[in-house]
>>> print(open('entry_9.pdb').read())   # PDB, C-alpha atoms
MODEL        1
ATOM      1  CA  MET F 270     243.795-100.921 121.681
ATOM      2  CA  GLY F 271     240.534-100.272 119.937
ATOM      3  CA  HIS F 272     239.184 -98.781 123.111
ATOM      4  CA  CYS F 273     242.166 -96.484 123.369
ATOM      5  CA  LEU F 274     241.802 -95.238 119.765
ATOM      6  CA  SER F 275     238.101 -94.563 120.426
ATOM      7  CA  CYS F 276     238.947 -92.565 123.525
ATOM      8  CA  LEU F 277     241.573 -90.602 121.663
ATOM      9  CA  GLY F 278     239.075 -89.859 118.883
ATOM     10  CA  ASN F 279     236.443 -88.680 121.339
ATOM     11  CA  GLN F 280     239.017 -86.552 123.150
ATOM     12  CA  SER F 281     240.202 -85.040 119.851
ATOM     13  CA  ASN F 282     236.642 -84.109 118.854
ATOM     14  CA  ALA F 283     236.114 -82.514 122.233
ATOM     15  CA  ASP F 284     239.307 -80.488 121.850
ATOM     16  CA  VAL F 285     238.202 -79.240 118.438
ATOM     17  CA  VAL F 286     234.789 -78.162 119.739
ATOM     18  CA  THR F 287     236.387 -76.476 122.734
ATOM     19  CA  SER F 288     238.972 -74.760 120.514
ATOM     20  CA  THR F 289     236.284 -73.583 118.118
ATOM     21  CA  GLN F 290     234.176 -72.135 120.904
ATOM     22  CA  ARG F 291     237.243 -70.424 122.366
ATOM     23  CA  ASN F 292     238.062 -68.923 118.952
ATOM     24  CA  LYS F 293     234.494 -67.553 118.735
ATOM     25  CA  ASP F 294     234.772 -66.052 122.173
ATOM     26  CA  GLU F 295     238.124 -64.467 121.376
ATOM     27  CA  MET F 296     236.810 -62.922 118.161
ATOM     28  CA  THR F 297     233.794 -61.510 119.972
ATOM     29  CA  GLU F 298     236.130 -60.053 122.567
ATOM     30  CA  ILE F 299     238.304 -58.431 119.927
ATOM     31  CA  VAL F 300     235.311 -56.861 118.144
ATOM     32  CA  SER F 301     233.857 -55.560 121.386
ATOM     33  CA  SER F 302     237.108 -53.914 122.465
ATOM     34  CA  ASN F 303     237.857 -52.403 118.996
ATOM     35  CA  GLN F 304     241.410 -53.613 119.206
ATOM     36  CA  VAL F 305     241.808 -54.156 115.438
ATOM     37  CA  PRO F 306     241.689 -50.635 113.852
ATOM     38  CA  THR F 307     243.848 -51.596 110.939
ATOM     39  CA  VAL F 308     241.832 -54.614 109.705
ATOM     40  CA  MET F 309     238.591 -54.450 107.807
ATOM     41  CA  ILE F 310     236.385 -57.523 108.338
ATOM     42  CA  SER F 311     233.468 -57.746 105.957
ATOM     43  CA  ASP F 312     230.489 -59.840 105.024
ATOM     44  CA  TYR F 313     231.723 -59.938 101.450
ATOM     45  CA  PRO F 314     231.537 -63.445  99.880
ATOM     46  CA  GLN F 315     234.230 -65.583 101.337
ATOM     47  CA  GLU F 316     237.179 -66.668  99.245
ATOM     48  CA  GLU F 317     239.237 -68.752 101.709
ATOM     49  CA  PRO F 318     237.823 -69.832 105.084
ATOM     50  CA  LEU F 319     240.228 -69.295 107.930
ATOM     51  CA  LEU F 320     238.442 -71.952 110.022
ATOM     52  CA  HIS F 321     237.674 -75.118 108.127
ATOM     53  CA  ASN F 322     234.909 -76.427 110.355
ATOM     54  CA  ASN F 323     232.295 -74.261 108.507
ATOM     55  CA  GLU F 324     231.281 -72.495 111.719
ATOM     56  CA  ILE F 325     232.930 -69.088 111.187
ATOM     57  CA  SER F 326     234.153 -67.505 107.969
ATOM     58  CA  ILE F 327     236.073 -64.287 108.053
ATOM     59  CA  ASN F 328     237.266 -62.289 105.059
ATOM     60  CA  CYS F 329     239.900 -59.627 105.580
ATOM     61  CA  TYR F 330     240.867 -57.191 102.898
ATOM     62  CA  THR F 331     242.703 -53.931 102.678
ATOM     63  CA  ASN F 332     241.146 -50.804 101.289
ATOM     64  CA  SER F 333     243.810 -49.899  98.654
ATOM     65  CA  SER F 334     242.488 -46.395  97.983
ATOM     66  CA  HIS F 335     243.500 -45.330 101.511
ATOM     67  CA  ILE F 336     246.597 -47.446 101.878
ATOM     68  CA  SER F 337     248.621 -44.531 103.294
ATOM     69  CA  ASN F 338     246.319 -44.322 106.358
ATOM     70  CA  ALA F 339     245.365 -46.975 108.918
ATOM     71  CA  ASN F 340     242.876 -49.449 107.445
ATOM     72  CA  ALA F 341     239.514 -49.415 109.172
ATOM     73  CA  LEU F 342     237.541 -52.294 110.639
ATOM     74  CA  ASN F 343     234.471 -52.452 108.393
ATOM     75  CA  SER F 344     232.210 -55.373 109.324
ATOM     76  CA  ILE F 345     231.953 -58.882 110.761
ATOM     77  CA  ASN F 346     229.567 -61.498 109.455
ATOM     78  CA  GLU F 347     229.054 -64.769 111.186
ATOM     79  CA  HIS F 348     227.160 -67.144 108.928
ATOM     80  CA  SER F 349     225.903 -69.109 111.897
ATOM     81  CA  SER F 350     225.857 -68.846 115.672
ATOM     82  CA  GLY F 351     225.130 -71.164 118.514
ATOM     83  CA  ASP F 352     221.392 -70.612 118.325
ATOM     84  CA  GLY F 353     221.220 -70.761 114.513
ATOM     85  CA  LEU F 354     220.475 -67.034 114.093
ATOM     86  CA  PRO F 355     222.750 -64.759 112.000
ATOM     87  CA  ALA F 356     224.988 -62.628 114.137
ATOM     88  CA  PRO F 357     224.526 -58.865 113.897
ATOM     89  CA  LYS F 358     226.994 -56.870 111.774
ATOM     90  CA  VAL F 359     229.348 -54.607 113.627
ATOM     91  CA  HIS F 360     230.798 -51.559 111.798
ATOM     92  CA  VAL F 361     233.779 -49.837 113.342
ATOM     93  CA  SER F 362     235.522 -47.056 111.397
ATOM     94  CA  ASN F 363     238.460 -44.932 112.492
ATOM     95  CA  GLU F 364     238.980 -43.688 108.927
ATOM     96  CA  LYS F 365     239.739 -40.004 108.336
ATOM     97  CA  THR F 366     239.417 -38.622 104.834
ATOM     98  CA  PRO F 367     242.909 -37.495 103.830
ATOM     99  CA  LYS F 368     243.410 -33.959 102.528
ATOM    100  CA  PRO F 369     245.198 -33.987  99.166
ATOM    101  CA  PHE F 370     248.707 -32.561  99.316
ATOM    102  CA  TYR F 371     248.086 -29.852  96.729
ATOM    103  CA  HIS F 372     245.145 -28.526  98.754
ATOM    104  CA  LYS F 373     247.555 -27.724 101.547
ATOM    105  CA  LEU F 374     249.770 -25.543  99.353
ATOM    106  CA  PRO F 375     249.161 -21.784  99.624
ATOM    107  CA  SER F 376     248.149 -19.994  96.459
ATOM    108  CA  ILE F 377     250.923 -18.094  94.663
ATOM    109  CA  PRO F 378     250.361 -14.323  94.680
ATOM    110  CA  HIS F 379     249.914 -12.758  91.246
ATOM    111  CA  SER F 380     252.825 -10.421  91.838
ATOM    112  CA  MET F 381     255.167 -13.378  92.432
ATOM    113  CA  SER F 382     254.039 -15.202  89.303
ATOM    114  CA  SER F 383     255.368 -12.394  87.127
ATOM    115  CA  LEU F 384     258.739 -11.889  88.788
ATOM    116  CA  GLY F 385     260.583 -13.490  85.896
ATOM    117  CA  SER F 386     259.330 -11.018  83.298
ATOM    118  CA  SER F 387     261.070  -7.659  83.076
ATOM    119  CA  GLU F 388     258.530  -6.356  80.590
ATOM    120  CA  SER F 389     255.664  -7.033  83.024
ATOM    121  CA  ARG F 390     257.263  -4.574  85.438
ATOM    122  CA  VAL F 391     257.018  -1.753  82.868
ATOM    123  CA  SER F 392     253.935   0.288  83.690
ATOM    124  CA  GLU F 393     251.799   1.148  80.681
ATOM    125  CA  SER F 394     250.058   3.858  82.692
ATOM    126  CA  LYS F 395     253.456   5.477  83.294
ATOM    127  CA  LEU F 396     254.269   5.224  79.597
ATOM    128  CA  ASN F 397     250.964   6.869  78.669
ATOM    129  CA  TYR F 398     251.569   9.607  81.218
ATOM    130  CA  LEU F 399     255.097  10.153  79.889
ATOM    131  CA  PHE F 400     253.796  10.382  76.333
ATOM    132  CA  ASP F 401     251.174  12.948  77.363
ATOM    133  CA  GLN F 402     253.931  15.228  78.683
ATOM    134  CA  TYR F 403     255.343  15.732  75.194
ATOM    135  CA  LYS F 404     252.506  15.122  72.756
ATOM    136  CA  ASP F 405     250.907  17.819  70.650
ATOM    137  CA  SER F 406     247.827  19.522  72.090
ATOM    138  CA  GLN F 407     245.831  18.817  68.930
ATOM    139  CA  GLU F 408     247.114  15.408  67.835
ATOM    140  CA  ASP F 409     248.109  12.211  69.598
ATOM    141  CA  THR F 410     251.682  12.574  68.307
ATOM    142  CA  ILE F 411     254.951  14.030  69.556
ATOM    143  CA  PHE F 412     256.197  16.571  67.013
ATOM    144  CA  ALA F 413     259.425  18.607  66.803
ATOM    145  CA  GLU F 414     258.635  20.817  69.811
ATOM    146  CA  GLY F 415     257.772  17.842  71.996
ATOM    147  CA  ILE F 416     260.938  16.024  70.891
ATOM    148  CA  GLU F 417     262.991  19.092  71.842
ATOM    149  CA  ASN F 418     261.402  19.080  75.301
ATOM    150  CA  LEU F 419     262.082  15.360  75.613
ATOM    151  CA  CYS F 420     265.726  15.976  74.664
ATOM    152  CA  ILE F 421     265.974  18.672  77.335
ATOM    153  CA  ASP F 422     264.703  16.240  79.970
ATOM    154  CA  LEU F 423     267.114  13.591  78.679
ATOM    155  CA  GLN F 424     269.913  16.177  78.788
ATOM    156  CA  LEU F 425     270.665  15.641  75.099
ATOM    157  CA  ASN F 426     270.980  17.920  72.091
ATOM    158  CA  PRO F 427     268.413  17.198  69.342
ATOM    159  CA  ASP F 428     271.262  16.312  66.948
ATOM    160  CA  ASP F 429     272.922  13.944  69.418
ATOM    161  CA  PHE F 430     273.710  10.412  68.266
ATOM    162  CA  LYS F 431     271.660   9.015  71.164
ATOM    163  CA  VAL F 432     268.525  10.723  69.812
ATOM    164  CA  LEU F 433     269.017   8.741  66.602
ATOM    165  CA  VAL F 434     269.454   5.586  68.698
ATOM    166  CA  LEU F 435     266.199   6.382  70.530
ATOM    167  CA  ALA F 436     264.361   6.848  67.226
ATOM    168  CA  TRP F 437     265.779   3.514  66.062
ATOM    169  CA  LYS F 438     264.598   1.724  69.194
ATOM    170  CA  LEU F 439     261.155   3.326  68.872
ATOM    171  CA  ASN F 440     261.139   2.297  65.196
ATOM    172  CA  ALA F 441     260.053   5.819  64.270
ATOM    173  CA  SER F 442     258.702   6.042  60.739
ATOM    174  CA  GLN F 443     260.134   9.511  60.048
ATOM    175  CA  MET F 444     262.083  12.376  61.554
ATOM    176  CA  CYS F 445     260.619  14.954  63.930
ATOM    177  CA  ARG F 446     257.679  12.841  65.092
ATOM    178  CA  PHE F 447     256.858   9.921  67.366
ATOM    179  CA  THR F 448     253.391   8.398  67.256
ATOM    180  CA  LYS F 449     251.869   7.106  70.484
ATOM    181  CA  GLN F 450     252.194   3.503  69.363
ATOM    182  CA  GLU F 451     255.865   3.999  68.433
ATOM    183  CA  PHE F 452     256.604   5.708  71.746
ATOM    184  CA  VAL F 453     254.765   3.284  74.054
ATOM    185  CA  GLN F 454     255.674   0.042  72.273
ATOM    186  CA  GLY F 455     259.264   1.175  71.722
ATOM    187  CA  LEU F 456     259.832   1.932  75.411
ATOM    188  CA  LYS F 457     258.200  -1.387  76.305
ATOM    189  CA  SER F 458     260.742  -3.178  74.124
ATOM    190  CA  MET F 459     263.478  -1.157  75.853
ATOM    191  CA  LYS F 460     261.924  -2.237  79.187
ATOM    192  CA  THR F 461     261.783   1.228  80.709
ATOM    193  CA  ASP F 462     259.045   3.707  81.613
ATOM    194  CA  SER F 463     260.923   6.723  82.980
ATOM    195  CA  ILE F 464     263.304   9.460  81.854
ATOM    196  CA  LYS F 465     266.045   8.071  84.062
ATOM    197  CA  GLY F 466     265.467   4.609  82.635
ATOM    198  CA  ILE F 467     265.664   5.915  79.051
ATOM    199  CA  GLN F 468     268.952   7.631  79.823
ATOM    200  CA  GLN F 469     270.438   4.433  81.233
ATOM    201  CA  LYS F 470     269.210   2.306  78.322
ATOM    202  CA  LEU F 471     270.624   4.737  75.752
ATOM    203  CA  ASN F 472     273.999   4.594  77.468
ATOM    204  CA  ASP F 473     273.947   0.795  77.425
ATOM    205  CA  ILE F 474     272.849   0.539  73.787
ATOM    206  CA  THR F 475     275.428   3.076  72.628
ATOM    207  CA  SER F 476     278.176   1.034  74.271
ATOM    208  CA  GLU F 477     276.920  -2.153  72.606
ATOM    209  CA  LEU F 478     276.890  -0.517  69.162
ATOM    210  CA  SER F 479     280.621   0.161  69.367
ATOM    211  CA  THR F 480     281.346  -3.573  69.495
ATOM    212  CA  ASP F 481     278.340  -5.198  67.787
ATOM    213  CA  SER F 482     278.675  -4.760  64.032
ATOM    214  CA  GLU F 483     275.332  -6.424  63.267
ATOM    215  CA  GLN F 484     273.475  -4.054  65.560
ATOM    216  CA  PHE F 485     275.239  -1.078  64.010
ATOM    217  CA  LYS F 486     274.370  -2.320  60.527
ATOM    218  CA  ASP F 487     270.711  -2.454  61.540
ATOM    219  CA  LEU F 488     270.901   1.112  62.880
ATOM    220  CA  TYR F 489     272.669   2.259  59.706
ATOM    221  CA  ARG F 490     269.962   0.844  57.454
ATOM    222  CA  PHE F 491     267.229   2.275  59.660
ATOM    223  CA  THR F 492     268.794   5.740  59.305
ATOM    224  CA  PHE F 493     268.099   5.835  55.558
ATOM    225  CA  LYS F 494     264.415   5.052  56.053
ATOM    226  CA  PHE F 495     264.238   7.491  58.944
ATOM    227  CA  GLY F 496     265.422  10.367  56.746
ATOM    228  CA  LEU F 497     262.769   9.863  54.064
ATOM    229  CA  ASP F 498     259.606  11.939  53.924
ATOM    230  CA  VAL F 499     257.070   9.118  53.843
ATOM    231  CA  SER F 500     254.151  11.538  53.583
ATOM    232  CA  THR F 501     255.227  12.385  50.018
ATOM    233  CA  GLY F 502     256.286   8.851  49.127
ATOM    234  CA  GLN F 503     259.955   9.822  48.963
ATOM    235  CA  ARG F 504     262.298   6.982  47.983
ATOM    236  CA  ILE F 505     265.574   8.834  47.433
ATOM    237  CA  LEU F 506     267.247  10.650  50.292
ATOM    238  CA  PRO F 507     268.013  14.308  49.508
ATOM    239  CA  ALA F 508     271.790  14.838  49.391
ATOM    240  CA  ASP F 509     271.824  17.512  52.100
ATOM    241  CA  ILE F 510     269.855  15.259  54.473
ATOM    242  CA  ALA F 511     272.071  12.302  53.577
ATOM    243  CA  ILE F 512     275.205  14.294  54.461
ATOM    244  CA  LEU F 513     273.778  15.216  57.875
ATOM    245  CA  LEU F 514     272.702  11.653  58.593
ATOM    246  CA  TRP F 515     276.028  10.167  57.499
ATOM    247  CA  ARG F 516     277.810  12.454  59.920
ATOM    248  CA  LEU F 517     275.334  11.579  62.652
ATOM    249  CA  VAL F 518     275.257   7.794  62.262
ATOM    250  CA  PHE F 519     279.069   7.571  62.182
ATOM    251  CA  THR F 520     279.492   9.568  65.378
ATOM    252  CA  GLY F 521     282.336   7.985  67.320
ATOM    253  CA  ASN F 522     282.932   5.418  64.568
ATOM    254  CA  GLU F 523     283.991   7.513  61.606
ATOM    255  CA  PRO F 524     285.491   5.720  58.571
ATOM    256  CA  PRO F 525     288.754   7.217  57.251
ATOM    257  CA  ILE F 526     287.168   7.970  53.880
ATOM    258  CA  LEU F 527     284.070   9.743  55.247
ATOM    259  CA  ASP F 528     285.280  13.355  55.170
ATOM    260  CA  ARG F 529     286.468  13.122  51.563
ATOM    261  CA  TRP F 530     283.214  11.455  50.531
ATOM    262  CA  LEU F 531     281.049  14.125  52.106
ATOM    263  CA  SER F 532     283.268  16.879  50.733
ATOM    264  CA  TYR F 533     282.802  15.409  47.254
ATOM    265  CA  LEU F 534     279.020  15.474  47.646
ATOM    266  CA  GLU F 535     279.057  19.088  48.838
ATOM    267  CA  LYS F 536     281.253  20.201  45.931
ATOM    268  CA  ASN F 537     278.994  18.560  43.362
ATOM    269  CA  PRO F 538     275.513  20.059  43.714
ATOM    270  CA  HIS F 539     274.336  18.131  40.680
ATOM    271  CA  ILE F 540     274.204  15.107  42.971
ATOM    272  CA  ARG F 541     270.762  15.744  44.333
ATOM    273  CA  GLY F 542     269.849  12.477  45.979
ATOM    274  CA  ILE F 543     271.156   9.211  47.412
ATOM    275  CA  PRO F 544     269.305   6.003  46.454
ATOM    276  CA  LYS F 545     268.890   3.220  48.986
ATOM    277  CA  ASP F 546     271.407   0.871  47.337
ATOM    278  CA  THR F 547     274.070   3.607  47.373
ATOM    279  CA  TRP F 548     273.396   4.265  51.063
ATOM    280  CA  TYR F 549     273.562   0.567  51.923
ATOM    281  CA  MET F 550     276.670  -0.102  49.809
ATOM    282  CA  PHE F 551     278.598   2.814  51.291
ATOM    283  CA  LEU F 552     279.102   0.823  54.496
ATOM    284  CA  ASN F 553     280.700  -1.991  52.490
ATOM    285  CA  PHE F 554     282.658   0.556  50.470
ATOM    286  CA  CYS F 555     284.197   2.007  53.645
ATOM    287  CA  GLU F 556     285.225  -1.433  54.864
ATOM    288  CA  PHE F 557     286.667  -2.405  51.477
ATOM    289  CA  VAL F 558     288.795   0.619  50.594
ATOM    290  CA  GLY F 559     290.104   1.293  54.103
ATOM    291  CA  ASP F 560     292.405   4.280  54.514
ATOM    292  CA  ASP F 561     292.898   4.960  50.814
ATOM    293  CA  LEU F 562     291.381   4.123  47.455
ATOM    294  CA  SER F 563     294.199   1.985  46.093
ATOM    295  CA  SER F 564     292.251  -1.250  46.560
ATOM    296  CA  TYR F 565     289.160   0.000  44.755
ATOM    297  CA  ASP F 566     288.261  -2.029  41.670
ATOM    298  CA  ASP F 567     285.915  -0.278  39.272
ATOM    299  CA  THR F 568     285.091  -3.581  37.578
ATOM    300  CA  GLU F 569     283.216  -4.647  40.690
ATOM    301  CA  ALA F 570     279.466  -3.993  40.924
ATOM    302  CA  TRP F 571     279.718  -0.707  42.813
ATOM    303  CA  PRO F 572     277.195   2.107  42.347
ATOM    304  CA  SER F 573     278.297   4.510  39.606
ATOM    305  CA  LEU F 574     278.514   7.328  42.149
ATOM    306  CA  PHE F 575     281.419   5.506  43.810
ATOM    307  CA  ASP F 576     283.194   5.237  40.476
ATOM    308  CA  ASP F 577     282.843   8.979  39.977
ATOM    309  CA  PHE F 578     284.090   9.663  43.490
ATOM    310  CA  VAL F 579     287.190   7.464  43.088
ATOM    311  CA  GLU F 580     287.979   9.042  39.723
ATOM    312  CA  TYR F 581     287.647  12.498  41.229
ATOM    313  CA  GLU F 582     289.913  11.581  44.136
ATOM    314  CA  ASN F 583     292.527  10.095  41.799
ATOM    315  CA  ASP F 584     292.471  13.267  39.691
ATOM    316  CA  GLN F 585     292.941  15.347  42.804
ATOM    317  CA  MET F 586     295.831  13.155  43.867
ATOM    318  CA  ASN F 587     297.493  13.409  40.422
ATOM    319  CA  GLN F 588     297.102  17.169  40.422
ATOM    320  CA  ASN F 589     298.735  17.362  43.841
ATOM    321  CA  VAL F 590     301.598  15.208  42.615
ATOM    322  CA  THR F 591     302.073  17.450  39.565
ATOM    323  CA  LYS F 592     302.047  20.608  41.673
ATOM    324  CA  ASN F 593     304.621  19.123  44.012
ATOM    325  CA  ASP F 594     306.868  18.178  41.083
ATOM    326  CA  ILE F 595     306.686  21.735  39.712
ATOM    327  CA  LYS F 596     307.609  23.174  43.078
ATOM    328  CA  ILE F 597     310.582  20.858  43.343
ATOM    329  CA  GLN F 598     311.803  21.879  39.872
ATOM    330  CA  ASP F 599     311.487  25.578  40.748
TER     331      ASP F 599
ENDMDL
END
>>> encode(input="entry_9.pdb", output="structure tokens")
Amino acid sequence: MGHCLSCLGNQSNADVVTSTQRNKDEMTEIVSSNQVPTVMISDYPQEEPLLHNNEISINCYTNSSHISNANALNSINEHSSGDGLPAPKVHVSNEKTPKPFYHKLPSIPHSMSSLGSSESRVSESKLNYLFDQYKDSQEDTIFAEGIENLCIDLQLNPDDFKVLVLAWKLNASQMCRFTKQEFVQGLKSMKTDSIKGIQQKLNDITSELSTDSEQFKDLYRFTFKFGLDVSTGQRILPADIAILLWRLVFTGNEPPILDRWLSYLEKNPHIRGIPKDTWYMFLNFCEFVGDDLSSYDDTEAWPSLFDDFVEYENDQMNQNVTKNDIKIQD
């Protein structure tokens, strides 16, 4: 039995040597034929030997920075060979440097990057050209004559409500003049650079004012400032100008009390001016009193001019009642 165990031991050792040599031959064959493009074999320090007989040590690792592509065969290091000499290193690389995704994207044209902005489509050169058509020959400002020509092109009368709306949108500092900055910046905010565009915008804004009370209130307050002569530091609106502007700003939206109010001002020439608080409060006054003056309360903090107007109207009403009673008696 001892002899048999010895034979088996010798046979086992022979099988190991033969298997080891065959493994070496197979590895050499694989490297020569480049059949392992996805494995990188390196001479980096070994961590775990695949063959435990200390003849061949192979380390395989994956290059994580290029994990989306096939891993390349990098190197083979045999620490010993049959003749005791180190085996030569073999480097095989099928690696292709990947092109980042964003490099493949075409650049966005400048014109497309501004498609979302309406204001960017307004041409400042067109606005400057349009301004030059109406400006004064001596100053960089559109005066009364230029405004009249602009109104002709817009097919509007100079005293049209839409001309007031245009002045409001241009934020004009005073009547009968538009500075270049007011004209250009105002049309930019309206997002138009042509006569046809101005006409369309004025139509749209006028329609909105009939339903938007806050917008109308802003226009109404602007109208007072617009009527002042800022060159002289005027702070009270002359009565005759105030009457014209009241008629203009209430075009198409006239309060029931307006005609009687304006008639009162015209019949009392001693009323020479309208202060800002009176102008502002008149809008509230119209909403409060409605069709008649029966709901007016003189104990409220109304401007004194309203008190005088209501008293005058009541006197007129009482006189009419008295006259009617006399006629009936006759």
>>> resolve_selection(input="entry_9.pdb", expression="the PyMOL selection byres ((chain F and resi 552-568) around 8)", output="list in words")
Pro524, Pro525, Ile526, Leu527, Trp548, Tyr549, Met550, Phe551, Glu569, Ala570, Trp571, Asp576 and Val579 of chain F
>>> residues_around(input="entry_9.pdb", residues="F:Arg541", least_positions_apart="5", cutoff="9 Å", atoms="all atoms listed in the file", output="ChimeraX atom specification")
/F:506-509,534
>>> residues_near_point(input="entry_9.pdb", point="(288.1, 15.6, 43.4)", cutoff="12 Å", atoms="all atoms listed in the file", output="compact mmCIF listing (two decimals) with C-alpha atoms, in the frame of the given file")
# COMPACT_ATOMS: atom_id res chain seq x y z
CA ARG F 529 286.47 13.12 51.56
CA TRP F 530 283.21 11.46 50.53
CA LEU F 531 281.05 14.12 52.11
CA SER F 532 283.27 16.88 50.73
CA TYR F 533 282.80 15.41 47.25
CA LEU F 534 279.02 15.47 47.65
CA GLU F 535 279.06 19.09 48.84
CA LYS F 536 281.25 20.20 45.93
CA ASN F 537 278.99 18.56 43.36
CA ASP F 576 283.19 5.24 40.48
CA ASP F 577 282.84 8.98 39.98
CA PHE F 578 284.09 9.66 43.49
CA VAL F 579 287.19 7.46 43.09
CA GLU F 580 287.98 9.04 39.72
CA TYR F 581 287.65 12.50 41.23
CA GLU F 582 289.91 11.58 44.14
CA ASN F 583 292.53 10.10 41.80
CA ASP F 584 292.47 13.27 39.69
CA GLN F 585 292.94 15.35 42.80
CA MET F 586 295.83 13.16 43.87
CA ASN F 587 297.49 13.41 40.42
CA GLN F 588 297.10 17.17 40.42
CA ASN F 589 298.74 17.36 43.84
>>> resolve_selection(input="entry_9.pdb", expression="the PyMOL selection byres ((chain F and resi 491-504) around 8)", output="compact mmCIF listing (two decimals) with C-alpha atoms, keeping the file's coordinate frame")
# COMPACT_ATOMS: atom_id res chain seq x y z
CA LEU F 433 269.02 8.74 66.60
CA TRP F 437 265.78 3.51 66.06
CA ALA F 441 260.05 5.82 64.27
CA SER F 442 258.70 6.04 60.74
CA GLN F 443 260.13 9.51 60.05
CA MET F 444 262.08 12.38 61.55
CA ASP F 487 270.71 -2.45 61.54
CA LEU F 488 270.90 1.11 62.88
CA TYR F 489 272.67 2.26 59.71
CA ARG F 490 269.96 0.84 57.45
CA ILE F 505 265.57 8.83 47.43
CA LEU F 506 267.25 10.65 50.29
CA ILE F 510 269.86 15.26 54.47
CA ALA F 511 272.07 12.30 53.58
CA LEU F 514 272.70 11.65 58.59
CA VAL F 518 275.26 7.79 62.26
CA PRO F 544 269.30 6.00 46.45
CA LYS F 545 268.89 3.22 48.99
CA TRP F 548 273.40 4.26 51.06
>>> closest_residue(input="entry_9.pdb", among="F:Arg446, F:Leu435, F:Tyr403, F:Asn418", to="F:Met459", atoms="only C-alpha atoms")
F:Leu435
>>> closest_residue(input="entry_9.pdb", among="F:Gln424, F:Gln402, F:Asn522, F:Thr410", to="F:Thr475", atoms="only C-alpha atoms")
F:Asn522
>>> resolve_selection(input="entry_9.pdb", expression="the PyMOL selection byres ((chain F and resi 411) around 12)", output="ChimeraX atom specification")
/F:399-410,412-419,441,443-453
>>> closest_residue(input="entry_9.pdb", among="F:Asn397, F:Ser479, F:Asn426, F:Asn472", to="F:Leu456", atoms="all atoms listed in the file")
F:Asn397
>>> atom_distance(input="entry_9.pdb", atom1="atom CA of F:Lys438", atom2="atom CA of F:Thr480")
17.6 Å
>>> atom_distance(input="entry_9.pdb", atom1="atom CA of F:Asp462", atom2="atom CA of F:Leu425")
17.9 Å
>>> axis_aligned_box(input="entry_9.pdb", around="stretch 507-521 of chain F", padding_each_side="6 Å", output="lines of an AutoDock Vina configuration file")
center_x = 275.2
center_y = 12.5
center_z = 58.4
size_x = 26.3
size_y = 21.9
size_z = 29.9
>>> atom_distance(input="entry_9.pdb", atom1="atom CA of F:Asn440", atom2="atom CA of F:Glu523")
23.7 Å
>>> closest_residue(input="entry_9.pdb", among="F:Lys431, F:Lys457, F:Lys465, F:Arg516", to="F:Leu478", atoms="all atoms listed in the file")
F:Lys431
>>> build_atoms(input="entry_9.pdb", residues="stretch 552-560 of chain F", atoms="N, CA, C and O atoms", output="mmCIF file, keeping the file's coordinate frame")
data_model
loop_
_atom_site.group_PDB
_atom_site.id
_atom_site.type_symbol
_atom_site.label_atom_id
_atom_site.label_comp_id
_atom_site.auth_asym_id
_atom_site.auth_seq_id
_atom_site.Cartn_x
_atom_site.Cartn_y
_atom_site.Cartn_z
ATOM 1 N N LEU F 552 278.522 1.482 53.331
ATOM 2 C CA LEU F 552 279.102 0.823 54.496
ATOM 3 C C LEU F 552 280.112 -0.241 54.059
ATOM 4 O O LEU F 552 281.199 -0.354 54.624
ATOM 5 N N ASN F 553 279.765 -0.999 53.029
ATOM 6 C CA ASN F 553 280.700 -1.991 52.490
ATOM 7 C C ASN F 553 281.889 -1.309 51.811
ATOM 8 O O ASN F 553 283.024 -1.794 51.901
ATOM 9 N N PHE F 554 281.606 -0.207 51.144
ATOM 10 C CA PHE F 554 282.658 0.556 50.470
ATOM 11 C C PHE F 554 283.711 1.022 51.470
ATOM 12 O O PHE F 554 284.918 0.905 51.217
ATOM 13 N N CYS F 555 283.266 1.535 52.605
ATOM 14 C CA CYS F 555 284.197 2.007 53.645
ATOM 15 C C CYS F 555 285.067 0.879 54.168
ATOM 16 O O CYS F 555 286.274 1.050 54.402
ATOM 17 N N GLU F 556 284.477 -0.289 54.359
ATOM 18 C CA GLU F 556 285.225 -1.433 54.864
ATOM 19 C C GLU F 556 286.218 -1.957 53.824
ATOM 20 O O GLU F 556 287.297 -2.435 54.166
ATOM 21 N N PHE F 557 285.849 -1.829 52.540
ATOM 22 C CA PHE F 557 286.667 -2.405 51.477
ATOM 23 C C PHE F 557 287.888 -1.540 51.158
ATOM 24 O O PHE F 557 289.005 -2.053 51.017
ATOM 25 N N VAL F 558 287.697 -0.249 51.034
ATOM 26 C CA VAL F 558 288.795 0.619 50.594
ATOM 27 C C VAL F 558 289.723 1.012 51.739
ATOM 28 O O VAL F 558 290.875 1.376 51.509
ATOM 29 N N GLY F 559 289.250 0.987 52.960
ATOM 30 C CA GLY F 559 290.104 1.293 54.103
ATOM 31 C C GLY F 559 290.553 2.738 54.135
ATOM 32 O O GLY F 559 289.761 3.673 53.924
ATOM 33 N N ASP F 560 291.860 2.932 54.353
ATOM 34 C CA ASP F 560 292.405 4.280 54.514
ATOM 35 C C ASP F 560 292.578 5.026 53.197
ATOM 36 O O ASP F 560 292.628 6.252 53.173
#
